[in-house]
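Have a look at the structure below before the remarks.
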Amino acid sequence: MTDLLALVRQGAERLEGAGVAFGQGTLNAFDEAAWLTLWRLGLPLDALDEQGERAVTETEVQAVQELIEQRIATRQPAAYLTGEAWLQGVPFHIDRRSIVPRSFIAELIADASIDPWLHAGTQQVLDLCTGNGSLAVLAAMAWPDVVVTGADVSMDALEVARRNVQRHGLEARIRLAQGDGLAAVAGQRFDLILCNPPYVNAASMAALPPEFRAEPVLALAGGTDGMDFIRALLQRAPQAMNECGVLVLEIGHERVHFEAAFPHLQPVWLSTSAGDDMVLLLSREQLL
């Protein structure tokens with residue numbers, strides 16, 4: 001008789017052997033197998049420690065193995081197969097209309113790293129390129145006195161975001177807006193802009209594994225050097241920011257390209273679990 005932990009380990013070995021790519025919610029085969037196994041069996045995602053020795057039936061084994069094989073055969077991200085993703089312990093609906101949420105800005109919201117740059121009058125927050133709305137939801141949860149606007153060019157993504165806003169009962173404090181970049185909120189000013197934009201450079205896009213190519217290209221591709229969206233954003237951002245406003249911008253592994261494109265800027269680099277050059281902060285004064 002197989003137990004739950006052994007079933008997870010078997011799944012991890014199968015995923016590892018098949019060479020699937022990670023990084024869309026998990027970073028390794030074991031965590032991915034645990035996620036798929038627990039989800040398929042209807043168990044909480046933190047149940048493995050307590051129920052690892054629980055016996056699993058042949059029917060359960062077959063169901064999990066079928067899901068693992070589906071993950072391998074389709075190369076779809078696990079989040080698209082389960083319809084759910086977690087960010088900072090908060091569950092979100094996700095499907096192929098939106099990128100799988102994994103922004104490091106979520107860490108900075110949760111651990112209050114952004115708070116020193118806010119002020120007593122901080123009321124208006126913009127989550128630009130909101131995708132499935134996860135950062136907008138986390139911001140509304142973290143700062144109960146603010147109103148959040150989640151903006152995206154993709155109507156499909158905004159439909160997913162709307163579902164998550166409703167899921168967490170935040171309709172009164174999060175509004176959604178459609179448009180290309182800051183055009184979605186023309187004429188409005190914000191105290192804080194959060195932005196996890198398309199920033200992957202062309203060479204990196206060409207080398208992406210199938211799991212990442214399954215996501216909307218619009219949410220990833222940033223042009224030759226990854227800075228196309230960011231150039232337009234930094235040029236227009238001061239007009240969308242209040243006097244003491246700040247911009248928190250995620251750029252992934254593109255620091256070299258960022259510094260080449262904007263040599264005059266001296267951002268504050270914020271520490272995340274992936275390092276100190278993934279997310280930066282700029283004030284309105286710096287951008288002017």
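Chain labels run A, B, ... following the order of the structure tokens; each chain numbers its residues from 1, and ligands are numbered from 1 in the order shown.
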
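Every protein, DNA or RNA residue with an atom at most 6 Å from segment 114-130 of chain A, where only C-alpha atoms count and chain neighbours fewer than 5 positions away do not, is listed here: A:Ala136, A:Val146, A:Val147, A:Val148, A:Thr149, A:Gly150, A:Ala151, A:Asp152, A:Phe190, A:Asp191, A:Leu192, A:Ile193, A:Leu194, A:Cys195, A:Pro197.
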
Filtering to C-alpha atoms, could you give me those residues as a tab-separated table (two decimals), in the first residue's frame?
chain	number	residue	atom	x	y	z
A	136	ALA	CA	-4.26	44.50	-6.58
A	146	VAL	CA	-6.36	52.63	0.09
A	147	VAL	CA	-8.37	52.34	-3.10
A	148	VAL	CA	-6.73	50.21	-5.79
A	149	THR	CA	-7.04	50.40	-9.56
A	150	GLY	CA	-6.02	47.30	-11.49
A	151	ALA	CA	-5.23	48.14	-15.12
A	152	ASP	CA	-4.37	45.94	-18.07
A	190	PHE	CA	-1.65	57.85	-7.78
A	191	ASP	CA	0.39	57.76	-4.59
A	192	LEU	CA	1.82	54.34	-5.41
A	193	ILE	CA	2.19	52.54	-8.72
A	194	LEU	CA	2.97	48.82	-8.68
A	195	CYS	CA	3.99	47.35	-12.02
A	197	PRO	CA	5.26	44.61	-16.86

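By only C-alpha atoms, and with residues fewer than 2 positions from Ala6 of chain A along its chain excluded, the set lying at most 12 Å from it is Met1, Thr2, Asp3, Leu4, Val8, Arg9, Gln10, Gly11, Ala12, Glu13, Phe30, Ala33, Ala34, Thr37, Leu48, Gln51, Gly52, Glu53, Arg54, Ala55, Val56 and Val61 of chain A.
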
Keeping only N, CA and C atoms, write the selected residues as a short mmCIF file (atom, residue, chain, number, x, y, z; two decimals), in the first residue's frame.
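What ended up in part-v9.cif:
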data_model
loop_
_atom_site.label_atom_id
_atom_site.label_comp_id
_atom_site.auth_asym_id
_atom_site.auth_seq_id
_atom_site.Cartn_x
_atom_site.Cartn_y
_atom_site.Cartn_z
N MET A 1 0.85 -1.20 0.00
CA MET A 1 0.00 0.00 0.00
C MET A 1 0.89 1.25 0.00
N THR A 2 0.64 2.14 -0.91
CA THR A 2 1.42 3.38 -1.03
C THR A 2 0.84 4.45 -0.10
N ASP A 3 1.72 5.25 0.48
CA ASP A 3 1.22 6.37 1.28
C ASP A 3 1.36 7.67 0.49
N LEU A 4 0.82 8.73 1.05
CA LEU A 4 0.74 10.00 0.34
C LEU A 4 2.12 10.55 -0.01
N VAL A 8 3.77 11.36 -3.76
CA VAL A 8 4.36 12.64 -4.16
C VAL A 8 5.77 12.43 -4.70
N ARG A 9 6.54 11.61 -4.02
CA ARG A 9 7.92 11.36 -4.47
C ARG A 9 7.95 10.68 -5.83
N GLN A 10 7.02 9.77 -6.06
CA GLN A 10 6.93 9.12 -7.37
C GLN A 10 6.62 10.15 -8.45
N GLY A 11 5.69 11.05 -8.14
CA GLY A 11 5.34 12.09 -9.10
C GLY A 11 6.51 13.01 -9.38
N ALA A 12 7.27 13.34 -8.34
CA ALA A 12 8.44 14.21 -8.51
C ALA A 12 9.47 13.55 -9.42
N GLU A 13 9.69 12.27 -9.21
CA GLU A 13 10.65 11.54 -10.05
C GLU A 13 10.20 11.54 -11.51
N PHE A 30 9.63 18.29 -6.60
CA PHE A 30 8.91 17.80 -5.42
C PHE A 30 7.73 18.71 -5.08
N ALA A 33 4.98 18.28 -7.66
CA ALA A 33 4.26 17.02 -7.48
C ALA A 33 3.35 17.08 -6.26
N ALA A 34 3.82 17.72 -5.19
CA ALA A 34 2.99 17.86 -3.99
C ALA A 34 1.74 18.68 -4.30
N THR A 37 -0.63 16.60 -6.53
CA THR A 37 -1.18 15.46 -5.79
C THR A 37 -2.24 15.91 -4.80
N LEU A 48 0.60 17.87 3.60
CA LEU A 48 1.56 16.78 3.44
C LEU A 48 2.27 16.44 4.74
N GLN A 51 -0.33 14.49 6.84
CA GLN A 51 -0.95 13.31 6.25
C GLN A 51 -0.02 12.51 5.35
N GLY A 52 1.27 12.76 5.45
CA GLY A 52 2.23 12.09 4.58
C GLY A 52 2.19 10.57 4.67
N GLU A 53 1.85 10.04 5.84
CA GLU A 53 1.82 8.58 6.02
C GLU A 53 0.45 7.99 5.74
N ARG A 54 -0.50 8.83 5.34
CA ARG A 54 -1.84 8.34 5.05
C ARG A 54 -1.82 7.44 3.83
N ALA A 55 -2.47 6.29 3.92
CA ALA A 55 -2.55 5.37 2.78
C ALA A 55 -3.42 5.95 1.69
N VAL A 56 -3.02 5.71 0.45
CA VAL A 56 -3.82 6.17 -0.70
C VAL A 56 -4.34 4.95 -1.45
N VAL A 61 -4.29 6.81 -6.55
CA VAL A 61 -3.00 6.72 -7.24
C VAL A 61 -3.18 6.96 -8.74
#

Env of segment 270-284 of chain A: 6 Å cut, atoms = only C-alpha atoms, seq-sep filter 2 positions within chain, self excluded. Answer as a short mmCIF file (atom, residue, chain, number, x, y, z; two decimals) with C-alpha atoms, in the first residue's frame.
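The new file part.cif reads:
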data_model
loop_
_atom_site.label_atom_id
_atom_site.label_comp_id
_atom_site.auth_asym_id
_atom_site.auth_seq_id
_atom_site.Cartn_x
_atom_site.Cartn_y
_atom_site.Cartn_z
CA PRO A 238 5.29 61.50 -13.41
CA GLY A 245 4.28 59.25 -5.33
CA VAL A 246 6.55 56.26 -5.90
CA LEU A 247 6.79 53.56 -8.54
CA VAL A 248 7.66 49.95 -7.65
CA LEU A 249 8.77 48.18 -10.81
CA GLU A 250 9.67 44.53 -11.37
CA ILE A 251 12.25 43.82 -14.08
CA GLY A 252 13.27 40.22 -13.40
CA PRO A 267 16.70 53.56 -8.25
CA VAL A 268 16.44 51.94 -4.85
CA GLN A 286 13.67 61.02 -9.67
CA LEU A 287 11.56 60.43 -12.76
#

Closest of A:Gly17, A:Pro209, A:Pro263, A:Pro216 to Arg96 of chain A, counting only C-alpha atoms, is A:Pro216

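Coordinates place atom CA of Arg40 of chain A at a distance of 12.3 Å from atom CA of Ala79 of chain A.
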
Separating atom CA of Cys244 of chain A from atom CA of Trp143 of chain A, to the nearest tenth of an Å, is a gap of 17.2 Å

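Nearest residue to Ala261 of chain A, choosing from A:Ala112, A:Val20, A:Ile105, A:Met227 and counting only C-alpha atoms: A:Met227.
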
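The residue that comes closest to Leu233 of chain A, out of A:Leu38, A:Ala206, A:Ala183, A:Ala221 and on the basis of only C-alpha atoms, is A:Ala183.
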
Shortest contact to Leu234 of chain A, candidates A:Met155, A:Leu265, A:Val165, A:Ile109, atoms counted only C-alpha atoms, goes to A:Leu265

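When only C-alpha atoms are used to measure the gap to Arg163 of chain A, the shortest distance among A:Asn132, A:Gln178, A:Gln65, A:Gln188 belongs to A:Asn132.
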
Inset, instruction - Do a neighbour search on His168 of chain A at 10 Å with only C-alpha atoms, toss out local chain neighbours closer than 3 positions, and write the hits as a ChimeraX atom specification. - result: /A:90-92,137-138,141,163-165,171

Save the residues we just selected, N, CA and C atoms, as a PDB file, in the first residue's frame?
ATOM      1  N   VAL A  90      -2.372  33.411  -0.387  1.00  0.00           N
ATOM      2  CA  VAL A  90      -3.721  33.809  -0.799  1.00  0.00           C
ATOM      3  C   VAL A  90      -4.062  33.097  -2.109  1.00  0.00           C
ATOM      4  N   PRO A  91      -5.233  32.451  -2.190  1.00  0.00           N
ATOM      5  CA  PRO A  91      -5.600  31.718  -3.403  1.00  0.00           C
ATOM      6  C   PRO A  91      -6.201  32.630  -4.467  1.00  0.00           C
ATOM      7  N   PHE A  92      -5.874  32.329  -5.718  1.00  0.00           N
ATOM      8  CA  PHE A  92      -6.403  33.091  -6.842  1.00  0.00           C
ATOM      9  C   PHE A  92      -6.818  32.140  -7.958  1.00  0.00           C
ATOM     10  N   VAL A 137      -5.267  42.712  -5.308  1.00  0.00           N
ATOM     11  CA  VAL A 137      -5.929  42.120  -4.144  1.00  0.00           C
ATOM     12  C   VAL A 137      -5.011  42.163  -2.920  1.00  0.00           C
ATOM     13  N   LEU A 138      -3.749  41.796  -3.093  1.00  0.00           N
ATOM     14  CA  LEU A 138      -2.808  41.794  -1.971  1.00  0.00           C
ATOM     15  C   LEU A 138      -2.592  43.209  -1.436  1.00  0.00           C
ATOM     16  N   MET A 141      -5.564  44.197   0.621  1.00  0.00           N
ATOM     17  CA  MET A 141      -5.530  43.495   1.903  1.00  0.00           C
ATOM     18  C   MET A 141      -4.506  44.108   2.851  1.00  0.00           C
ATOM     19  N   ARG A 163     -12.916  38.219 -11.446  1.00  0.00           N
ATOM     20  CA  ARG A 163     -13.318  37.026 -10.686  1.00  0.00           C
ATOM     21  C   ARG A 163     -12.580  36.975  -9.349  1.00  0.00           C
ATOM     22  N   ASN A 164     -11.304  37.366  -9.335  1.00  0.00           N
ATOM     23  CA  ASN A 164     -10.541  37.319  -8.089  1.00  0.00           C
ATOM     24  C   ASN A 164     -10.920  38.450  -7.138  1.00  0.00           C
ATOM     25  N   VAL A 165     -11.225  39.608  -7.680  1.00  0.00           N
ATOM     26  CA  VAL A 165     -11.709  40.703  -6.831  1.00  0.00           C
ATOM     27  C   VAL A 165     -12.995  40.286  -6.133  1.00  0.00           C
ATOM     28  N   GLU A 171     -14.815  44.285  -4.121  1.00  0.00           N
ATOM     29  CA  GLU A 171     -15.390  45.098  -5.199  1.00  0.00           C
ATOM     30  C   GLU A 171     -15.486  46.580  -4.830  1.00  0.00           C
TER      31      GLU A 171
END

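The space between atom CA of Leu170 of chain A and atom CA of Glu84 of chain A spans 18.4 Å.
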
I need the strand (DSSP E or B) residues of segment 144-190 of chain A per DSSP on the backbone, written as an mmCIF file with all heavy atoms, in the first residue's frame.
data_model
loop_
_atom_site.group_PDB
_atom_site.id
_atom_site.type_symbol
_atom_site.label_atom_id
_atom_site.label_comp_id
_atom_site.auth_asym_id
_atom_site.auth_seq_id
_atom_site.Cartn_x
_atom_site.Cartn_y
_atom_site.Cartn_z
ATOM 1 N N VAL A 147 -7.539 52.787 -1.985
ATOM 2 C CA VAL A 147 -8.366 52.339 -3.098
ATOM 3 C C VAL A 147 -7.414 51.920 -4.209
ATOM 4 O O VAL A 147 -6.456 52.638 -4.521
ATOM 5 C CB VAL A 147 -9.312 53.453 -3.587
ATOM 6 C CG1 VAL A 147 -10.071 53.000 -4.826
ATOM 7 C CG2 VAL A 147 -10.268 53.850 -2.481
ATOM 8 N N VAL A 148 -7.652 50.773 -4.803
ATOM 9 C CA VAL A 148 -6.732 50.213 -5.790
ATOM 10 C C VAL A 148 -7.395 50.180 -7.161
ATOM 11 O O VAL A 148 -8.570 49.805 -7.288
ATOM 12 C CB VAL A 148 -6.293 48.786 -5.399
ATOM 13 C CG1 VAL A 148 -5.274 48.243 -6.405
ATOM 14 C CG2 VAL A 148 -5.713 48.770 -3.986
ATOM 15 N N THR A 149 -6.622 50.566 -8.172
ATOM 16 C CA THR A 149 -7.041 50.397 -9.555
ATOM 17 C C THR A 149 -6.150 49.337 -10.191
ATOM 18 O O THR A 149 -4.923 49.444 -10.134
ATOM 19 C CB THR A 149 -6.921 51.704 -10.350
ATOM 20 O OG1 THR A 149 -7.747 52.699 -9.756
ATOM 21 C CG2 THR A 149 -7.351 51.495 -11.798
ATOM 22 N N GLY A 150 -6.762 48.314 -10.756
ATOM 23 C CA GLY A 150 -6.021 47.301 -11.493
ATOM 24 C C GLY A 150 -6.216 47.545 -12.975
ATOM 25 O O GLY A 150 -7.342 47.519 -13.465
ATOM 26 N N ALA A 151 -5.124 47.801 -13.707
ATOM 27 C CA ALA A 151 -5.230 48.144 -15.123
ATOM 28 C C ALA A 151 -4.468 47.150 -15.977
ATOM 29 O O ALA A 151 -3.400 46.664 -15.589
ATOM 30 C CB ALA A 151 -4.697 49.554 -15.366
ATOM 31 N N ASP A 152 -5.022 46.858 -17.142
ATOM 32 C CA ASP A 152 -4.371 45.935 -18.070
ATOM 33 C C ASP A 152 -4.882 46.219 -19.478
ATOM 34 O O ASP A 152 -6.025 46.672 -19.654
ATOM 35 C CB ASP A 152 -4.668 44.480 -17.690
ATOM 36 C CG ASP A 152 -3.587 43.521 -18.164
ATOM 37 O OD1 ASP A 152 -3.499 43.292 -19.393
ATOM 38 O OD2 ASP A 152 -2.821 43.022 -17.325
ATOM 39 N N ILE A 174 -11.521 47.901 -5.139
ATOM 40 C CA ILE A 174 -10.699 47.673 -6.322
ATOM 41 C C ILE A 174 -11.554 47.916 -7.566
ATOM 42 O O ILE A 174 -12.598 47.293 -7.733
ATOM 43 C CB ILE A 174 -10.130 46.243 -6.362
ATOM 44 C CG1 ILE A 174 -9.235 45.973 -5.152
ATOM 45 C CG2 ILE A 174 -9.331 46.025 -7.651
ATOM 46 C CD1 ILE A 174 -8.688 44.546 -5.101
ATOM 47 N N ARG A 175 -11.110 48.821 -8.403
ATOM 48 C CA ARG A 175 -11.751 49.021 -9.696
ATOM 49 C C ARG A 175 -10.780 48.537 -10.780
ATOM 50 O O ARG A 175 -9.561 48.564 -10.587
ATOM 51 C CB ARG A 175 -12.121 50.490 -9.933
ATOM 52 C CG ARG A 175 -10.939 51.429 -10.025
ATOM 53 C CD ARG A 175 -11.379 52.848 -10.357
ATOM 54 N NE ARG A 175 -11.879 52.939 -11.713
ATOM 55 C CZ ARG A 175 -11.126 53.277 -12.757
ATOM 56 N NH1 ARG A 175 -9.825 53.512 -12.604
ATOM 57 N NH2 ARG A 175 -11.653 53.362 -13.965
ATOM 58 N N LEU A 176 -11.324 48.101 -11.891
ATOM 59 C CA LEU A 176 -10.510 47.582 -12.984
ATOM 60 C C LEU A 176 -10.662 48.485 -14.198
ATOM 61 O O LEU A 176 -11.750 49.000 -14.470
ATOM 62 C CB LEU A 176 -10.923 46.148 -13.320
ATOM 63 C CG LEU A 176 -10.774 45.146 -12.169
ATOM 64 C CD1 LEU A 176 -11.331 43.786 -12.566
ATOM 65 C CD2 LEU A 176 -9.306 45.009 -11.741
ATOM 66 N N ALA A 177 -9.557 48.690 -14.906
ATOM 67 C CA ALA A 177 -9.555 49.592 -16.053
ATOM 68 C C ALA A 177 -8.785 48.959 -17.199
ATOM 69 O O ALA A 177 -7.729 48.357 -16.989
ATOM 70 C CB ALA A 177 -8.929 50.936 -15.668
ATOM 71 N N GLN A 178 -9.315 49.120 -18.409
ATOM 72 C CA GLN A 178 -8.674 48.545 -19.595
ATOM 73 C C GLN A 178 -8.024 49.647 -20.424
ATOM 74 O O GLN A 178 -8.598 50.718 -20.638
ATOM 75 C CB GLN A 178 -9.709 47.797 -20.438
ATOM 76 C CG GLN A 178 -9.103 46.969 -21.568
ATOM 77 C CD GLN A 178 -8.871 47.744 -22.848
ATOM 78 O OE1 GLN A 178 -9.572 48.721 -23.109
ATOM 79 N NE2 GLN A 178 -7.888 47.324 -23.634
ATOM 80 N N PHE A 190 -1.760 58.897 -8.789
ATOM 81 C CA PHE A 190 -1.647 57.846 -7.782
ATOM 82 C C PHE A 190 -0.497 58.141 -6.817
ATOM 83 O O PHE A 190 0.497 58.771 -7.181
ATOM 84 C CB PHE A 190 -1.427 56.498 -8.465
ATOM 85 C CG PHE A 190 -2.570 56.094 -9.362
ATOM 86 C CD1 PHE A 190 -2.583 56.464 -10.703
ATOM 87 C CD2 PHE A 190 -3.651 55.398 -8.854
ATOM 88 C CE1 PHE A 190 -3.654 56.129 -11.525
ATOM 89 C CE2 PHE A 190 -4.728 55.052 -9.662
ATOM 90 C CZ PHE A 190 -4.725 55.424 -11.002
#

DSSP on the backbone, helix (DSSP H, G or I) only: what residues of segment 1-119 of chain A does that give? Format it as number ranges by chain. A: 4-18, 29-40, 48-51, 58-74, 78-82, 105-110, 115-117
